[in-house]
>>> print(open('coords.txt').read())   # compact mmCIF, C-alpha atoms
# COMPACT_ATOMS: atom_id res chain seq x y z
CA MET A 23 44.67 -91.24 -152.88
CA ALA A 24 42.82 -94.01 -154.70
CA GLY A 25 41.16 -96.38 -152.26
CA ARG A 26 43.04 -94.92 -149.31
CA VAL A 27 42.17 -95.96 -145.77
CA VAL A 28 43.26 -93.12 -143.48
CA LEU A 29 43.53 -93.24 -139.70
CA VAL A 30 43.57 -89.86 -137.92
CA THR A 31 44.52 -89.48 -134.25
CA GLY A 32 43.39 -86.62 -132.02
CA VAL A 33 39.89 -86.21 -133.48
CA SER A 34 38.35 -85.05 -130.18
CA ARG A 35 40.00 -81.69 -130.85
CA ASP A 36 38.41 -79.42 -133.42
CA LEU A 37 41.24 -79.31 -135.96
CA GLY A 38 41.69 -83.09 -135.86
CA ARG A 39 37.96 -83.62 -136.33
CA GLN A 40 37.78 -81.07 -139.15
CA PHE A 41 40.64 -82.71 -141.03
CA ALA A 42 39.14 -86.19 -140.63
CA VAL A 43 35.72 -84.99 -141.85
CA ALA A 44 37.28 -83.25 -144.88
CA ALA A 45 39.43 -86.28 -145.72
CA ALA A 46 36.37 -88.55 -145.64
CA GLU A 47 34.78 -86.44 -148.39
CA HIS A 48 37.74 -86.83 -150.75
CA PRO A 49 36.73 -88.94 -153.76
CA ARG A 50 39.94 -90.98 -153.65
CA VAL A 51 39.66 -91.86 -149.96
CA GLU A 52 37.74 -95.02 -149.25
CA ARG A 53 37.44 -94.69 -145.47
CA VAL A 54 38.61 -92.45 -142.62
CA ILE A 55 38.91 -93.82 -139.09
CA GLY A 56 39.13 -91.23 -136.34
CA VAL A 57 40.77 -92.35 -133.11
CA ASP A 58 40.78 -90.70 -129.70
CA ALA A 59 40.18 -91.52 -126.05
CA VAL A 60 37.28 -89.03 -125.99
CA PRO A 61 34.46 -88.86 -128.58
CA PRO A 62 34.54 -85.80 -130.85
CA ARG A 63 31.96 -83.06 -130.51
CA GLY A 64 30.27 -81.62 -133.58
CA ASP A 65 29.74 -82.98 -137.07
CA VAL A 66 31.73 -86.16 -137.79
CA GLY A 67 30.57 -86.45 -141.41
CA GLY A 68 31.70 -89.66 -143.07
CA MET A 69 34.38 -90.39 -140.46
CA SER A 70 34.13 -93.63 -138.52
CA PHE A 71 35.06 -93.02 -134.89
CA VAL A 72 36.88 -95.63 -132.82
CA ARG A 73 37.28 -94.91 -129.13
CA ALA A 74 40.86 -95.93 -128.34
CA ASP A 75 43.77 -94.50 -126.37
CA ILE A 76 46.94 -94.45 -128.46
CA ARG A 77 48.94 -94.98 -125.26
CA ASN A 78 47.54 -98.51 -125.29
CA PRO A 79 48.86 -101.25 -127.62
CA VAL A 80 45.27 -101.74 -128.79
CA ILE A 81 45.98 -99.12 -131.48
CA ALA A 82 47.91 -101.82 -133.39
CA LYS A 83 44.75 -103.95 -133.49
CA VAL A 84 42.73 -101.04 -134.84
CA ILE A 85 45.26 -100.45 -137.65
CA ALA A 86 45.32 -104.15 -138.54
CA LYS A 87 41.55 -104.61 -138.40
CA GLU A 88 40.81 -101.59 -140.60
CA ASP A 89 43.60 -102.29 -143.13
CA VAL A 90 44.94 -98.76 -142.66
CA ASP A 91 47.51 -97.61 -145.23
CA THR A 92 47.88 -93.96 -144.14
CA VAL A 93 48.24 -92.61 -140.60
CA VAL A 94 47.89 -88.91 -139.78
CA HIS A 95 49.12 -88.22 -136.24
CA MET A 96 47.52 -85.10 -134.70
CA SER A 97 47.60 -86.08 -131.03
CA ILE A 98 50.65 -84.04 -130.02
CA ILE A 99 49.10 -81.45 -127.70
CA SER A 100 50.56 -78.18 -126.40
CA THR A 101 48.49 -77.89 -123.20
CA PRO A 102 47.09 -80.41 -120.73
CA GLY A 103 43.45 -81.32 -121.14
CA PRO A 104 40.76 -80.13 -118.71
CA THR A 105 41.10 -83.27 -116.58
CA GLY A 106 44.80 -83.99 -116.94
CA GLY A 107 48.03 -82.36 -115.86
CA ARG A 108 51.51 -82.18 -117.25
CA MET A 109 52.17 -85.90 -116.69
CA SER A 110 49.11 -87.02 -118.69
CA MET A 111 50.08 -84.56 -121.43
CA LYS A 112 53.59 -86.01 -121.64
CA GLU A 113 52.22 -89.56 -121.65
CA LEU A 114 49.91 -88.76 -124.54
CA ASN A 115 52.58 -86.91 -126.52
CA VAL A 116 55.54 -89.23 -125.98
CA ILE A 117 54.23 -92.63 -124.83
CA GLY A 118 51.22 -92.37 -127.15
CA THR A 119 53.46 -91.57 -130.12
CA MET A 120 55.78 -94.45 -129.26
CA GLN A 121 52.87 -96.91 -129.23
CA LEU A 122 51.53 -95.52 -132.51
CA LEU A 123 54.93 -95.74 -134.20
CA ALA A 124 55.40 -99.31 -132.95
CA ALA A 125 52.03 -100.20 -134.47
CA CYS A 126 53.04 -98.59 -137.79
CA GLN A 127 56.35 -100.46 -137.78
CA GLN A 128 54.62 -103.80 -137.27
CA SER A 129 51.83 -103.15 -139.75
CA LYS A 130 51.85 -104.88 -143.13
CA THR A 131 49.47 -102.33 -144.67
CA VAL A 132 50.68 -98.89 -143.50
CA ARG A 133 52.81 -97.21 -146.15
CA HIS A 134 52.56 -93.51 -145.25
CA LEU A 135 52.81 -91.63 -141.95
CA VAL A 136 52.12 -87.90 -141.62
CA VAL A 137 53.03 -86.27 -138.30
CA LYS A 138 51.75 -82.80 -137.36
CA SER A 139 54.69 -81.32 -135.50
CA THR A 140 55.42 -77.69 -134.68
CA THR A 141 58.05 -74.99 -135.12
CA THR A 142 58.17 -74.87 -131.31
CA VAL A 143 60.82 -77.58 -131.73
CA TYR A 144 63.26 -74.77 -132.68
CA GLY A 145 62.69 -72.97 -129.39
CA ALA A 146 63.02 -69.20 -129.02
CA SER A 147 66.09 -67.40 -127.70
CA HIS A 148 68.26 -64.33 -128.26
CA ARG A 149 70.72 -66.48 -130.23
CA ASP A 150 68.25 -67.56 -132.93
CA PRO A 151 68.76 -66.89 -136.65
CA ALA A 152 66.33 -64.68 -138.56
CA LEU A 153 64.78 -67.79 -140.12
CA PHE A 154 65.15 -71.44 -139.17
CA THR A 155 65.61 -73.98 -141.95
CA GLU A 156 64.68 -77.62 -141.45
CA GLU A 157 68.32 -78.66 -140.97
CA MET A 158 68.92 -76.25 -138.07
CA GLU A 159 68.95 -77.26 -134.42
CA PRO A 160 67.51 -75.11 -131.61
CA ARG A 161 70.05 -72.74 -130.08
CA ARG A 162 68.70 -73.61 -126.65
CA THR A 163 67.48 -77.19 -126.27
CA PRO A 164 64.13 -77.34 -124.41
CA ARG A 165 64.49 -79.09 -121.06
CA SER A 166 60.84 -79.48 -120.16
CA GLY A 167 57.29 -79.02 -121.34
CA TYR A 168 55.81 -79.12 -124.80
CA GLY A 169 59.07 -78.25 -126.56
CA LYS A 170 60.86 -81.22 -125.05
CA ASP A 171 57.93 -83.51 -125.90
CA VAL A 172 58.06 -82.47 -129.56
CA ALA A 173 61.82 -82.98 -129.75
CA GLU A 174 61.45 -86.49 -128.32
CA VAL A 175 58.56 -87.29 -130.67
CA GLU A 176 60.52 -86.22 -133.73
CA GLY A 177 63.47 -88.34 -132.56
CA TYR A 178 61.25 -91.43 -132.40
CA VAL A 179 59.78 -90.62 -135.82
CA ARG A 180 63.27 -90.43 -137.34
CA GLY A 181 64.05 -93.79 -135.74
CA LEU A 182 60.99 -95.34 -137.39
CA ALA A 183 62.05 -93.93 -140.77
CA ARG A 184 65.46 -95.58 -140.39
CA ARG A 185 63.97 -98.92 -139.39
CA ARG A 186 61.32 -98.87 -142.11
CA PRO A 187 62.91 -97.23 -145.18
CA ASP A 188 59.98 -98.49 -147.26
CA LEU A 189 57.62 -96.28 -145.23
CA ASN A 190 56.98 -92.72 -146.41
CA VAL A 191 57.33 -90.49 -143.32
CA THR A 192 56.30 -86.84 -143.61
CA VAL A 193 56.79 -84.40 -140.71
CA LEU A 194 55.04 -81.03 -140.91
CA ARG A 195 56.55 -78.45 -138.57
CA CYS A 196 53.63 -76.03 -138.41
CA ALA A 197 53.94 -72.44 -137.23
CA ASN A 198 51.50 -71.27 -134.55
CA VAL A 199 48.03 -71.85 -135.95
CA ILE A 200 45.62 -68.91 -135.92
CA GLY A 201 42.08 -68.32 -137.11
CA PRO A 202 38.61 -67.31 -135.90
CA ASN A 203 37.84 -70.84 -134.67
CA VAL A 204 41.21 -71.77 -133.17
CA THR A 205 41.57 -72.46 -129.44
CA SER A 206 45.22 -72.43 -128.40
CA PRO A 207 47.53 -70.61 -125.94
CA ILE A 208 48.61 -68.01 -128.52
CA ALA A 209 45.04 -67.48 -129.75
CA SER A 210 43.76 -67.05 -126.18
CA TYR A 211 46.57 -64.59 -125.51
CA LEU A 212 45.70 -62.48 -128.57
CA ARG A 213 42.01 -62.52 -127.59
CA LEU A 214 42.71 -60.86 -124.24
CA PRO A 215 41.09 -57.41 -124.00
CA VAL A 216 44.41 -56.09 -122.66
CA ILE A 217 47.59 -57.80 -123.85
CA PRO A 218 50.60 -57.94 -121.51
CA THR A 219 53.92 -57.69 -123.35
CA VAL A 220 57.54 -58.06 -122.27
CA LEU A 221 59.06 -54.64 -121.63
CA GLY A 222 61.85 -53.85 -124.11
CA PHE A 223 60.99 -56.63 -126.60
CA ASP A 224 58.92 -56.61 -129.78
CA PRO A 225 59.18 -60.18 -131.13
CA ARG A 226 58.73 -61.09 -134.79
CA LEU A 227 56.03 -63.74 -135.17
CA GLN A 228 54.87 -66.01 -137.98
CA PHE A 229 51.53 -67.78 -138.25
CA LEU A 230 49.70 -70.49 -140.16
CA HIS A 231 45.99 -70.04 -140.84
CA GLU A 232 43.75 -72.89 -139.69
CA ARG A 233 42.53 -73.51 -143.25
CA ASP A 234 46.10 -73.76 -144.49
CA LEU A 235 46.88 -76.30 -141.77
CA LEU A 236 44.07 -78.52 -143.04
CA GLY A 237 45.21 -77.92 -146.61
CA ALA A 238 48.83 -78.81 -145.80
CA LEU A 239 47.79 -82.07 -144.12
CA ALA A 240 45.57 -83.05 -147.07
CA HIS A 241 48.34 -82.16 -149.52
CA ALA A 242 50.91 -84.19 -147.56
CA VAL A 243 48.61 -87.24 -147.55
CA GLY A 244 48.12 -87.01 -151.29
CA ALA A 245 51.72 -86.18 -152.24
CA GLU A 246 53.33 -88.96 -150.16
CA GLN A 247 56.53 -86.90 -150.19
CA PRO A 248 58.80 -87.99 -147.30
CA GLY A 249 60.83 -85.46 -145.34
CA THR A 250 60.52 -82.67 -142.80
CA TYR A 251 58.91 -79.39 -143.82
CA ASN A 252 58.34 -76.00 -142.21
CA ILE A 253 54.72 -75.00 -142.83
CA ALA A 254 53.88 -71.30 -142.37
CA GLY A 255 52.36 -68.30 -144.09
CA ASP A 256 54.61 -65.79 -145.86
CA GLY A 257 56.04 -62.91 -143.88
CA LEU A 258 56.41 -62.00 -140.23
CA LEU A 259 54.83 -59.31 -138.07
CA THR A 260 56.09 -57.79 -134.85
CA LEU A 261 53.86 -58.18 -131.82
CA SER A 262 53.21 -54.43 -131.81
CA GLN A 263 52.01 -54.60 -135.43
CA ILE A 264 49.74 -57.50 -134.53
CA THR A 265 48.16 -55.78 -131.53
CA ARG A 266 47.50 -52.66 -133.62
CA ARG A 267 45.74 -54.77 -136.27
CA LEU A 268 43.68 -56.42 -133.54
CA ALA A 269 42.90 -53.05 -131.91
CA ARG A 270 44.14 -54.43 -128.58
CA PRO A 271 45.75 -52.18 -125.95
CA THR A 272 49.01 -53.46 -124.48
CA VAL A 273 50.61 -53.29 -121.04
CA PRO A 274 54.43 -53.61 -121.20
CA MET A 275 55.76 -55.43 -118.13
CA PRO A 276 59.18 -56.60 -116.93
CA GLY A 277 59.97 -60.15 -117.95
CA PHE A 278 59.94 -61.43 -114.37
CA ALA A 279 56.36 -60.14 -113.91
CA ILE A 280 54.98 -61.94 -116.96
CA GLY A 281 55.12 -65.29 -115.15
CA GLY A 282 52.97 -63.91 -112.33
CA ILE A 283 50.47 -62.44 -114.77
CA GLY A 284 50.41 -65.81 -116.53
CA ASP A 285 49.47 -67.52 -113.27
CA VAL A 286 46.63 -65.05 -112.76
CA LEU A 287 45.34 -65.50 -116.31
CA ARG A 288 45.63 -69.29 -116.06
CA SER A 289 43.65 -69.39 -112.82
CA ALA A 290 41.00 -67.21 -114.48
CA ARG A 291 41.04 -69.58 -117.49
CA LEU A 292 41.81 -66.70 -119.82
CA SER A 293 45.15 -67.88 -121.18
CA ASP A 294 47.93 -70.39 -120.49
CA PHE A 295 51.39 -68.79 -120.36
CA SER A 296 53.60 -71.83 -120.86
CA PRO A 297 57.41 -71.37 -120.80
CA GLU A 298 57.38 -71.87 -124.59
CA LEU A 299 54.85 -69.08 -125.06
CA ARG A 300 56.73 -66.69 -122.78
CA ALA A 301 59.95 -67.31 -124.73
CA LEU A 302 58.15 -66.79 -128.03
CA LEU A 303 56.63 -63.51 -126.82
CA THR A 304 60.09 -62.35 -125.80
CA PHE A 305 62.33 -63.40 -128.68
CA GLY A 306 59.94 -64.39 -131.49
CA ARG A 307 60.62 -66.97 -134.20
CA GLY A 308 60.59 -67.24 -137.99
CA VAL A 309 61.03 -70.21 -140.33
CA ASP A 310 62.12 -70.62 -143.92
CA THR A 311 59.45 -72.26 -146.12
CA THR A 312 61.45 -72.78 -149.32
CA ARG A 313 61.35 -76.58 -149.00
CA MET A 314 57.57 -76.50 -148.43
CA ARG A 315 57.13 -75.02 -151.91
CA SER A 316 59.98 -76.58 -153.88
CA ARG A 317 59.80 -80.17 -152.60
CA LEU A 318 56.43 -80.68 -150.94
CA GLY A 319 54.66 -78.48 -153.49
CA PHE A 320 52.33 -76.74 -151.03
CA GLU A 321 51.37 -73.05 -151.22
CA PRO A 322 49.44 -71.49 -148.29
CA GLN A 323 46.48 -69.27 -149.15
CA PHE A 324 47.08 -66.94 -146.22
CA THR A 325 50.13 -64.86 -145.35
CA THR A 326 50.89 -64.12 -141.70
CA GLN A 327 49.26 -60.71 -142.14
CA SER A 328 46.08 -61.98 -143.81
CA ALA A 329 45.81 -64.76 -141.20
CA ILE A 330 45.90 -62.16 -138.43
CA GLU A 331 43.34 -60.02 -140.26
CA ASP A 332 40.99 -63.00 -140.57
CA PHE A 333 41.53 -63.81 -136.89
CA ALA A 334 40.56 -60.22 -136.05
CA THR A 335 37.12 -60.65 -137.65
CA GLY A 336 36.13 -63.02 -134.85
CA LEU A 337 37.20 -60.76 -131.96
CA ASP A 338 34.78 -58.94 -129.68
CA PRO A 339 35.13 -55.18 -129.15
CA VAL A 340 37.19 -54.51 -126.04
CA ALA A 341 36.37 -50.97 -124.97
CA HIS A 342 33.76 -52.01 -122.38
CA ARG A 343 35.89 -54.88 -121.05
CA VAL A 344 39.27 -53.19 -120.52
CA ASP A 345 38.55 -51.44 -117.23
CA GLY A 346 37.01 -54.56 -115.72
CA MET A 347 39.91 -56.77 -116.67
CA LEU A 348 42.51 -54.31 -115.40
CA ALA A 349 40.66 -54.01 -112.11
CA GLY A 350 40.46 -57.78 -111.80
CA LEU A 351 44.17 -58.23 -112.49
CA GLU A 352 45.05 -55.47 -110.03
CA GLY A 353 42.94 -57.05 -107.32
CA ARG A 354 44.46 -60.50 -107.81
CA LEU A 355 48.02 -59.19 -107.86
CA LEU A 356 47.48 -57.04 -104.78
CA GLY A 357 45.98 -60.02 -102.98
CA GLU A 358 48.99 -62.17 -103.84
CA SER A 359 51.38 -59.41 -102.73
CA GLN A 360 49.65 -59.12 -99.36
CA GLU A 361 49.88 -62.89 -98.89
CA VAL A 362 53.62 -62.72 -99.53
CA ILE A 363 54.04 -59.87 -97.01
CA ARG A 364 52.15 -61.80 -94.33
>>> encode(input="coords.txt", output="structure tokens")
Amino acid sequence: MAGRVVLVTGVSRDLGRQFAVAAAEHPRVERVIGVDAVPPRGDVGGMSFVRADIRNPVIAKVIAKEDVDTVVHMSIISTPGPTGGRMSMKELNVIGTMQLLAACQQSKTVRHLVVKSTTTVYGASHRDPALFTEEMEPRRTPRSGYGKDVAEVEGYVRGLARRRPDLNVTVLRCANVIGPNVTSPIASYLRLPVIPTVLGFDPRLQFLHERDLLGALAHAVGAEQPGTYNIAGDGLLTLSQITRRLARPTVPMPGFAIGGIGDVLRSARLSDFSPELRALLTFGRGVDTTRMRSRLGFEPQFTTQSAIEDFATGLDPVAHRVDGMLAGLEGRLLGESQEVIR
């Protein structure tokens, strides 16, 4: 990474900021430019922040002005921001990526692009294999939401790789990221004092620890190894095994009721039950990581089990909160039922 000038998108979010700060400390990185429409909170270290919206063509001027040679794209988000809805989320994910890729294509200095993607691109259904390899397609193509955004983004990235064969393009399909400091739909779900589950299903789940995510991104930048790679910790756990390790009580519910519970939890700002999350919590998902080791040369420090155990260290005891939460959920659901009857 001698003399590298790295541009990182999505630095207003904690993981993007943390990666940019860590990259700036690397002895072979000359400069790190963090880009986002909103300033980051917390320590920015040696990162230089540029306030810019990647949905705007101005991102090309930033890349040209800073002589960027490496772009790390971390602005593909799974949930709308606090002030935006689904449309703004799609614009950032798809339109923003298109503008960024156009800037990379036109640039005379960019030689490496790393895209943080997700295993959500494989979907989750009853027809899935035990483990997805990178060559496999989803058994059920996502028609909306985050899953569709990711599929479109990866299509545009493949198009750039065809148009610019001289450009090293690395796509990291990361499993659901977990850790004591992670804020995400799956992390919020597992932090609930009482965890609703889909009656009759015990999905197998696979995770990537937050530290391994940062390590995989840093490794990909240094290795400059093009291709698409599944990034995940070894092993899978069933949801029941996970909840036992987290000492969380569960409430099995019919599948049709989970959507209603999700609406209640979303309105209470406790969790966001997206269609992708509901499918994952019903059918589960696992990915093969052979290529990650053999071709990319990356080895995670955490297995799925040890990632869950580390996540558990940051959880609050639930005994005194269970009754209150159950009462609150009961009251909300009863209120909604009475509204329907009227």
>>> residues_around(input="coords.txt", residues="region 268-274 of chain A", least_positions_apart="5", cutoff="6 Å", atoms="all atoms listed in the file", output="ChimeraX atom specification")
/A:216-221,334
>>> closest_residue(input="coords.txt", among="A:Leu236, A:Leu303, A:Leu122, A:Val179", to="Val93 (chain A)", atoms="all atoms listed in the file")
A:Leu122
>>> atom_distance(input="coords.txt", atom1="CA of Val72 (chain A)", atom2="CA of Ala173 (chain A)")
28.1 Å
>>> atom_distance(input="coords.txt", atom1="CA of Thr312 (chain A)", atom2="CA of Arg133 (chain A)")
26.1 Å
>>> closest_residue(input="coords.txt", among="A:Lys138, A:Arg266, A:Lys130, A:Arg300", to="Pro207 (chain A)", atoms="only C-alpha atoms")
A:Arg300
>>> residues_near_point(input="coords.txt", point="(59.4, -80.4, -148.7)", cutoff="10 Å", atoms="all atoms listed in the file", output="PyMOL selection string")
chain A and resi 156+192-194+242+247-253+311-320
>>> atom_distance(input="coords.txt", atom1="CA of Gly167 (chain A)", atom2="CA of Gly56 (chain A)")
26.5 Å
>>> closest_residue(input="coords.txt", among="A:Gln121, A:Ser296, A:Ser210, A:Asn203", to="Ala329 (chain A)", atoms="only C-alpha atoms")
A:Asn203
>>> build_atoms(input="coords.txt", residues="region 28-47 of chain A", atoms="N, CA and C atoms", output="PDB file, in the frame of the given file")
ATOM      1  N   VAL A  28      42.486 -94.092-144.268  1.00  0.00           N
ATOM      2  CA  VAL A  28      43.260 -93.120-143.480  1.00  0.00           C
ATOM      3  C   VAL A  28      42.828 -93.180-142.023  1.00  0.00           C
ATOM      4  N   LEU A  29      43.793 -93.309-141.133  1.00  0.00           N
ATOM      5  CA  LEU A  29      43.530 -93.240-139.700  1.00  0.00           C
ATOM      6  C   LEU A  29      44.061 -91.903-139.184  1.00  0.00           C
ATOM      7  N   VAL A  30      43.216 -91.175-138.459  1.00  0.00           N
ATOM      8  CA  VAL A  30      43.570 -89.860-137.920  1.00  0.00           C
ATOM      9  C   VAL A  30      43.479 -89.907-136.407  1.00  0.00           C
ATOM     10  N   THR A  31      44.544 -89.553-135.715  1.00  0.00           N
ATOM     11  CA  THR A  31      44.520 -89.480-134.250  1.00  0.00           C
ATOM     12  C   THR A  31      44.152 -88.056-133.819  1.00  0.00           C
ATOM     13  N   GLY A  32      43.679 -87.947-132.576  1.00  0.00           N
ATOM     14  CA  GLY A  32      43.390 -86.620-132.020  1.00  0.00           C
ATOM     15  C   GLY A  32      42.124 -85.985-132.543  1.00  0.00           C
ATOM     16  N   VAL A  33      41.102 -86.776-132.868  1.00  0.00           N
ATOM     17  CA  VAL A  33      39.890 -86.210-133.480  1.00  0.00           C
ATOM     18  C   VAL A  33      38.930 -85.614-132.455  1.00  0.00           C
ATOM     19  N   SER A  34      39.226 -85.713-131.164  1.00  0.00           N
ATOM     20  CA  SER A  34      38.350 -85.050-130.180  1.00  0.00           C
ATOM     21  C   SER A  34      38.590 -83.549-130.178  1.00  0.00           C
ATOM     22  N   ARG A  35      39.714 -83.118-130.722  1.00  0.00           N
ATOM     23  CA  ARG A  35      40.000 -81.690-130.850  1.00  0.00           C
ATOM     24  C   ARG A  35      39.506 -81.199-132.212  1.00  0.00           C
ATOM     25  N   ASP A  36      39.117 -79.934-132.254  1.00  0.00           N
ATOM     26  CA  ASP A  36      38.410 -79.420-133.420  1.00  0.00           C
ATOM     27  C   ASP A  36      39.193 -79.579-134.718  1.00  0.00           C
ATOM     28  N   LEU A  37      40.480 -79.248-134.718  1.00  0.00           N
ATOM     29  CA  LEU A  37      41.240 -79.310-135.960  1.00  0.00           C
ATOM     30  C   LEU A  37      41.408 -80.760-136.433  1.00  0.00           C
ATOM     31  N   GLY A  38      41.605 -81.691-135.495  1.00  0.00           N
ATOM     32  CA  GLY A  38      41.690 -83.090-135.860  1.00  0.00           C
ATOM     33  C   GLY A  38      40.390 -83.597-136.452  1.00  0.00           C
ATOM     34  N   ARG A  39      39.278 -83.213-135.825  1.00  0.00           N
ATOM     35  CA  ARG A  39      37.960 -83.620-136.330  1.00  0.00           C
ATOM     36  C   ARG A  39      37.706 -83.008-137.711  1.00  0.00           C
ATOM     37  N   GLN A  40      38.025 -81.740-137.870  1.00  0.00           N
ATOM     38  CA  GLN A  40      37.780 -81.070-139.150  1.00  0.00           C
ATOM     39  C   GLN A  40      38.585 -81.722-140.270  1.00  0.00           C
ATOM     40  N   PHE A  41      39.845 -82.072-139.983  1.00  0.00           N
ATOM     41  CA  PHE A  41      40.640 -82.710-141.030  1.00  0.00           C
ATOM     42  C   PHE A  41      40.063 -84.080-141.390  1.00  0.00           C
ATOM     43  N   ALA A  42      39.684 -84.860-140.381  1.00  0.00           N
ATOM     44  CA  ALA A  42      39.140 -86.190-140.630  1.00  0.00           C
ATOM     45  C   ALA A  42      37.848 -86.115-141.448  1.00  0.00           C
ATOM     46  N   VAL A  43      36.979 -85.157-141.120  1.00  0.00           N
ATOM     47  CA  VAL A  43      35.720 -84.990-141.850  1.00  0.00           C
ATOM     48  C   VAL A  43      36.004 -84.605-143.305  1.00  0.00           C
ATOM     49  N   ALA A  44      36.949 -83.670-143.509  1.00  0.00           N
ATOM     50  CA  ALA A  44      37.280 -83.250-144.880  1.00  0.00           C
ATOM     51  C   ALA A  44      37.904 -84.389-145.671  1.00  0.00           C
ATOM     52  N   ALA A  45      38.782 -85.166-145.028  1.00  0.00           N
ATOM     53  CA  ALA A  45      39.430 -86.280-145.720  1.00  0.00           C
ATOM     54  C   ALA A  45      38.412 -87.332-146.151  1.00  0.00           C
ATOM     55  N   ALA A  46      37.389 -87.542-145.319  1.00  0.00           N
ATOM     56  CA  ALA A  46      36.370 -88.550-145.640  1.00  0.00           C
ATOM     57  C   ALA A  46      35.564 -88.181-146.881  1.00  0.00           C
ATOM     58  N   GLU A  47      35.536 -86.893-147.224  1.00  0.00           N
ATOM     59  CA  GLU A  47      34.780 -86.440-148.390  1.00  0.00           C
ATOM     60  C   GLU A  47      35.598 -86.497-149.672  1.00  0.00           C
TER      61      GLU A  47
END
